[in-house]
$ cat model-v2.cif   # mmCIF, C-alpha atoms
data_protein
#
loop_
_atom_site.group_PDB
_atom_site.id
_atom_site.type_symbol
_atom_site.label_atom_id
_atom_site.label_comp_id
_atom_site.auth_asym_id
_atom_site.auth_seq_id
_atom_site.Cartn_x
_atom_site.Cartn_y
_atom_site.Cartn_z
ATOM 1 C CA MET O 299 313.631 117.603 145.948
ATOM 2 C CA LEU O 300 317.314 116.665 146.141
ATOM 3 C CA PRO O 301 319.696 118.526 148.475
ATOM 4 C CA ALA O 302 321.244 121.668 146.958
ATOM 5 C CA HIS O 303 324.771 120.269 147.212
ATOM 6 C CA PHE O 304 323.819 117.017 145.434
ATOM 7 C CA SER O 305 324.877 116.493 141.798
ATOM 8 C CA ALA O 306 322.580 114.330 139.670
ATOM 9 C CA PHE O 307 323.503 112.714 136.362
ATOM 10 C CA PRO O 308 320.554 112.068 134.053
ATOM 11 C CA VAL O 309 320.962 108.639 132.454
ATOM 12 C CA ALA O 310 318.940 107.259 129.543
ATOM 13 C CA LEU O 311 318.793 103.595 128.548
ATOM 14 C CA SER O 312 317.765 102.907 124.963
ATOM 15 C CA GLU O 313 316.792 99.657 123.261
ATOM 16 C CA LEU O 314 316.077 98.006 126.625
ATOM 17 C CA LEU O 315 312.499 96.879 125.966
ATOM 18 C CA PRO O 316 310.490 98.561 123.195
ATOM 19 C CA LYS O 317 306.785 99.034 123.725
ATOM 20 C CA GLY O 318 305.007 95.784 122.936
ATOM 21 C CA GLY O 319 308.342 94.050 122.321
ATOM 22 C CA LYS O 320 309.991 90.980 123.765
ATOM 23 C CA LEU O 321 313.181 90.491 125.713
ATOM 24 C CA ASN O 322 315.839 89.591 123.145
ATOM 25 C CA PRO O 323 319.632 89.774 123.422
ATOM 26 C CA ARG O 324 320.654 93.110 121.959
ATOM 27 C CA PRO O 325 323.089 95.960 122.646
ATOM 28 C CA ILE O 326 321.877 98.442 125.265
ATOM 29 C CA ARG O 327 322.960 102.052 124.793
ATOM 30 C CA VAL O 328 323.552 104.156 127.882
ATOM 31 C CA ARG O 329 323.528 107.954 127.523
ATOM 32 C CA ILE O 330 324.796 110.079 130.428
ATOM 33 C CA GLY O 331 323.856 113.741 130.480
ATOM 34 C CA THR O 332 325.531 116.732 132.106
ATOM 35 C CA PRO O 333 325.514 116.877 135.908
ATOM 36 C CA MET O 334 322.741 118.892 137.578
ATOM 37 C CA ARG O 335 322.983 120.372 141.059
ATOM 38 C CA GLY O 336 319.897 120.470 143.199
ATOM 39 C CA ALA O 337 317.865 118.929 140.397
ATOM 40 C CA LEU O 338 314.122 118.583 140.683
ATOM 41 C CA ALA O 339 312.591 115.220 139.773
ATOM 42 C CA ASP O 340 310.591 116.772 136.922
ATOM 43 C CA ARG O 341 313.669 118.427 135.470
ATOM 44 C CA ALA O 342 315.669 115.197 135.726
ATOM 45 C CA ARG O 343 312.880 113.316 133.969
ATOM 46 C CA ALA O 344 312.801 115.916 131.193
ATOM 47 C CA GLU O 345 316.560 115.636 130.759
ATOM 48 C CA VAL O 346 316.336 111.847 130.425
ATOM 49 C CA LEU O 347 313.584 112.136 127.811
ATOM 50 C CA ALA O 348 315.648 114.670 125.902
ATOM 51 C CA LEU O 349 318.642 112.323 125.933
ATOM 52 C CA THR O 350 316.511 109.450 124.677
ATOM 53 C CA ASP O 351 314.941 111.501 121.868
ATOM 54 C CA ALA O 352 318.295 112.922 120.822
ATOM 55 C CA TYR O 353 319.786 109.473 120.269
ATOM 56 C CA GLN O 354 316.815 107.722 118.681
ATOM 57 C CA GLU O 355 318.098 105.728 115.751
ATOM 58 C CA ARG O 356 316.291 106.178 112.487
ATOM 59 C CA ASP O 357 314.360 103.107 111.510
ATOM 60 C CA SER O 358 312.683 101.961 108.331
ATOM 61 C CA ARG O 359 308.903 101.806 108.340
ATOM 62 C CA LEU O 360 309.103 98.778 106.058
ATOM 63 C CA ARG O 361 311.463 96.992 108.464
ATOM 64 C CA ARG O 362 309.121 97.640 111.388
ATOM 65 C CA ARG O 363 306.144 96.256 109.480
ATOM 66 C CA VAL O 364 308.022 93.162 108.318
ATOM 67 C CA ALA O 365 309.347 92.534 111.838
ATOM 68 C CA ARG O 366 305.853 92.919 113.292
ATOM 69 C CA ILE O 367 304.481 90.328 110.865
ATOM 70 C CA ALA O 368 307.421 87.947 111.340
ATOM 71 C CA VAL O 369 307.025 87.752 115.117
ATOM 72 C CA GLY O 370 303.231 87.937 115.065
ATOM 73 C CA ARG O 371 300.551 85.311 114.650
ATOM 74 C CA TRP O 372 300.724 85.480 110.854
ATOM 75 C CA GLY O 373 304.464 84.804 110.603
ATOM 76 C CA LEU O 374 304.224 81.020 110.853
ATOM 77 C CA ALA O 375 301.174 80.917 108.567
ATOM 78 C CA LEU O 376 302.995 82.891 105.876
ATOM 79 C CA ALA O 377 306.055 80.651 106.154
ATOM 80 C CA ALA O 378 303.863 77.555 105.720
ATOM 81 C CA ALA O 379 302.065 79.122 102.751
ATOM 82 C CA TRP O 380 305.415 79.906 101.157
ATOM 83 C CA SER O 381 306.552 76.312 101.685
ATOM 84 C CA PHE O 382 303.528 74.915 99.850
ATOM 85 C CA ALA O 383 303.414 77.595 97.143
ATOM 86 C CA GLU O 384 305.533 75.611 94.689
ATOM 87 C CA ALA O 385 303.349 72.539 95.052
ATOM 88 C CA ALA O 386 300.268 74.665 94.335
ATOM 89 C CA LEU O 387 301.849 75.917 91.117
ATOM 90 C CA TYR O 388 301.819 72.379 89.732
ATOM 91 C CA ALA O 389 298.099 71.879 90.269
ATOM 92 C CA GLY O 390 296.235 71.685 86.975
ATOM 93 C CA THR O 391 299.352 72.169 84.849
ATOM 94 C CA SER O 392 301.329 69.931 82.532
ATOM 95 C CA VAL O 393 304.578 70.545 84.417
ATOM 96 C CA GLN O 394 306.198 67.310 85.551
ATOM 97 C CA LEU O 395 307.732 67.206 89.019
ATOM 98 C CA PRO O 396 310.316 68.227 90.061
ATOM 99 C CA GLN O 397 310.490 70.873 87.336
ATOM 100 C CA PRO O 398 310.848 73.785 86.718
ATOM 101 C CA LEU O 399 314.373 75.168 87.178
ATOM 102 C CA THR O 400 316.030 71.761 87.188
ATOM 103 C CA THR O 401 318.269 70.246 84.533
ATOM 104 C CA ASP O 402 319.063 66.769 83.203
ATOM 105 C CA ARG O 403 322.611 67.144 84.472
ATOM 106 C CA MET O 404 321.313 67.635 88.008
ATOM 107 C CA HIS O 405 319.349 64.396 87.819
ATOM 108 C CA THR O 406 322.319 62.498 86.410
ATOM 109 C CA ALA O 407 324.653 63.729 89.158
ATOM 110 C CA VAL O 408 322.170 62.807 91.891
ATOM 111 C CA GLN O 409 321.632 59.354 90.386
ATOM 112 C CA HIS O 410 325.376 58.670 90.564
ATOM 113 C CA GLU O 411 325.543 59.893 94.179
ATOM 114 C CA LEU O 412 322.598 57.740 95.231
ATOM 115 C CA ARG O 413 324.069 54.632 93.616
ATOM 116 C CA ALA O 414 327.383 55.236 95.391
ATOM 117 C CA GLU O 415 326.171 56.330 98.854
ATOM 118 C CA GLY O 416 322.491 55.559 99.167
ATOM 119 C CA ALA O 417 320.476 57.880 101.416
ATOM 120 C CA ARG O 418 323.651 59.567 102.667
ATOM 121 C CA ALA O 419 323.974 61.228 99.252
ATOM 122 C CA VAL O 420 321.510 63.892 100.397
ATOM 123 C CA ARG O 421 324.300 65.393 102.502
ATOM 124 C CA HIS O 422 325.833 66.738 99.289
ATOM 125 C CA GLN O 423 322.711 68.796 98.558
ATOM 126 C CA PRO O 424 323.562 72.038 100.423
ATOM 127 C CA ALA O 425 326.980 72.310 98.771
ATOM 128 C CA SER O 426 325.933 71.154 95.308
ATOM 129 C CA GLY O 427 323.160 73.702 94.872
ATOM 130 C CA ILE O 428 320.909 71.045 93.363
ATOM 131 C CA PRO O 429 317.351 71.479 94.672
ATOM 132 C CA TYR O 430 316.281 69.079 97.398
ATOM 133 C CA LYS O 431 313.261 68.103 95.303
ATOM 134 C CA VAL O 432 315.620 66.541 92.738
ATOM 135 C CA TYR O 433 317.247 64.393 95.430
ATOM 136 C CA THR O 434 313.834 63.347 96.752
ATOM 137 C CA SER O 435 312.522 62.471 93.304
ATOM 138 C CA GLU O 436 315.562 60.410 92.373
ATOM 139 C CA ALA O 437 315.602 58.711 95.787
ATOM 140 C CA GLY O 438 312.060 57.540 95.126
ATOM 141 C CA HIS O 439 313.038 56.196 91.710
ATOM 142 C CA ALA O 440 316.057 54.445 93.250
ATOM 143 C CA GLY O 441 313.906 52.715 95.875
ATOM 144 C CA ILE O 442 315.583 54.325 98.913
ATOM 145 C CA PRO O 443 313.629 53.352 102.092
ATOM 146 C CA VAL O 444 311.477 56.230 103.326
ATOM 147 C CA GLY O 445 312.621 55.994 106.952
ATOM 148 C CA GLU O 446 316.292 55.986 106.058
ATOM 149 C CA TRP O 447 315.793 58.887 103.669
ATOM 150 C CA ALA O 448 313.886 60.896 106.287
ATOM 151 C CA LEU O 449 316.653 60.488 108.863
ATOM 152 C CA GLU O 450 319.438 61.472 106.475
ATOM 153 C CA SER O 451 317.376 64.379 105.152
ATOM 154 C CA ALA O 452 316.726 65.652 108.664
ATOM 155 C CA ALA O 453 320.449 65.659 109.406
ATOM 156 C CA ALA O 454 321.385 67.366 106.135
ATOM 157 C CA ARG O 455 318.602 69.942 106.198
ATOM 158 C CA GLY O 456 319.080 70.602 109.907
ATOM 159 C CA GLN O 457 322.757 71.330 109.389
ATOM 160 C CA ARG O 458 321.912 73.732 106.594
ATOM 161 C CA ILE O 459 319.312 75.533 108.714
ATOM 162 C CA VAL O 460 321.751 75.938 111.618
ATOM 163 C CA VAL O 461 324.531 77.292 109.388
ATOM 164 C CA LEU O 462 322.209 79.707 107.590
ATOM 165 C CA GLY O 463 320.735 80.806 110.910
ATOM 166 C CA LEU O 464 324.167 81.603 112.340
ATOM 167 C CA VAL O 465 325.197 83.484 109.190
ATOM 168 C CA LEU O 466 321.995 85.529 109.114
ATOM 169 C CA THR O 467 322.274 86.255 112.839
ATOM 170 C CA LEU O 468 325.811 87.536 112.333
ATOM 171 C CA ILE O 469 324.742 89.685 109.398
ATOM 172 C CA GLY O 470 321.776 91.023 111.372
ATOM 173 C CA SER O 471 323.933 91.994 114.352
ATOM 174 C CA VAL O 472 326.379 93.824 112.071
ATOM 175 C CA VAL O 473 323.831 95.771 109.987
ATOM 176 C CA GLN O 474 321.442 96.521 112.845
ATOM 177 C CA ARG O 475 322.666 100.092 113.127
ATOM 178 C CA TRP O 476 321.802 100.638 109.440
ATOM 179 C CA ARG O 477 318.265 99.323 109.690
ATOM 180 C CA ARG O 478 316.898 102.547 108.242
ATOM 181 C CA PHE O 479 318.246 101.248 104.927
ATOM 182 C CA SER O 480 316.136 98.071 105.114
ATOM 183 C CA PRO O 481 314.339 98.669 101.757
ATOM 184 C CA HIS O 482 317.695 98.999 100.015
ATOM 185 C CA CYS O 483 318.940 95.836 101.734
ATOM 186 C CA LEU O 484 315.863 93.896 100.614
ATOM 187 C CA VAL O 485 316.415 94.967 97.009
ATOM 188 C CA LEU O 486 320.087 94.016 97.253
ATOM 189 C CA LEU O 487 319.153 90.647 98.776
ATOM 190 C CA ALA O 488 316.639 89.922 95.998
ATOM 191 C CA VAL O 489 319.142 90.822 93.283
ATOM 192 C CA THR O 490 321.897 88.753 94.914
ATOM 193 C CA PHE O 491 319.630 85.725 95.301
ATOM 194 C CA THR O 492 318.492 85.964 91.680
ATOM 195 C CA VAL O 493 322.066 86.202 90.399
ATOM 196 C CA LEU O 494 323.267 83.264 92.512
ATOM 197 C CA PHE O 495 320.248 81.160 91.569
ATOM 198 C CA ALA O 496 320.785 81.861 87.866
ATOM 199 C CA TRP O 497 324.459 80.963 88.282
ATOM 200 C CA VAL O 498 323.607 77.595 89.866
ATOM 201 C CA ILE O 499 321.143 76.775 87.078
ATOM 202 C CA SER O 500 323.682 77.716 84.395
ATOM 203 C CA MET O 501 326.406 75.694 86.155
ATOM 204 C CA TRP O 502 324.263 72.538 85.966
ATOM 205 C CA SER O 503 322.961 73.169 82.443
#
$ encode --input "model-v2.cif" --output "structure tokens"
Amino acid sequence: MLPAHFSAFPVALSELLPKGGKLNPRPIRVRIGTPMRGALADRARAEVLALTDAYQERDSRLRRRVARIAVGRWGLALAAAWSFAEAALYAGTSVQLPQPLTTDRMHTAVQHELRAEGARAVRHQPASGIPYKVYTSEAGHAGIPVGEWALESAAARGQRIVVLGLVLTLIGSVVQRWRRFSPHCLVLLAVTFTVLFAWVISMWS
């Protein structure tokens, strides 16, 4: 028991380390309750729990499930399966690589770039919107050495991954407080991606 003249301030820390979670950089919210004089330990504990419950942010069940899969043992396996999904679609079909969703104009533009710059032409890929598979296919037809192509591709693709990672991290930190709207955000993301993808295809048609 605390002395009768002592004033205690119940303090609750939220988002410090969720159950079963990992230590990741994130904002920590501190909630300070009203002062209590001569507070018992049980009463102080109850006040802290009340503060924590009162300021629990609403979360989306879908977001929690997706996050659990992404950081779990199946996350990497799903990413690998997604990477090879397009190749599997070609098996047993009459589709010629690197179709579908490529145009003759894309191939022509890449051919000109490869003739002018060689393997370094792949650095135009992120900005051009032309699929990487088109660059790879045309590089093979142009006789670009595999080692040189791999090095230039690693630089170009690595730069793209870093930029996209920074952008997505910034977006995630901004919209974190609205994570209860995750289903709506996923729908918006799918629609936006579809519109942009259709625009790129039409631009190179």
$ resolve_selection --input "model-v2.cif" --expression "the PyMOL selection byres ((chain O and resi 434-449) around 9)" --output "ChimeraX atom specification"
/O:395-396,405,408-409,412-413,416-418,420,430-433,450-454
$ closest_residue --input "model-v2.cif" --among "O:Leu466, O:Leu399, O:Ala379, O:Leu347" --to "Trp497 (chain O)" --atoms "all atoms listed in the file"
O:Leu399
$ atom_distance --input "model-v2.cif" --atom1 "CA of Val489 (chain O)" --atom2 "CA of Ile469 (chain O)"
17.1 Å
$ atom_distance --input "model-v2.cif" --atom1 "CA of Arg421 (chain O)" --atom2 "CA of Gly470 (chain O)"
27.2 Å
$ atom_distance --input "model-v2.cif" --atom1 "CA of Arg478 (chain O)" --atom2 "CA of Val364 (chain O)"
12.9 Å
$ closest_residue --input "model-v2.cif" --among "O:Arg327, O:His410, O:Arg343, O:Arg362" --to "Pro481 (chain O)" --atoms "all atoms listed in the file"
O:Arg362
$ closest_residue --input "model-v2.cif" --among "O:Gly456, O:Gly463, O:Pro429, O:Gly331" --to "Ala407 (chain O)" --atoms "all atoms listed in the file"
O:Pro429
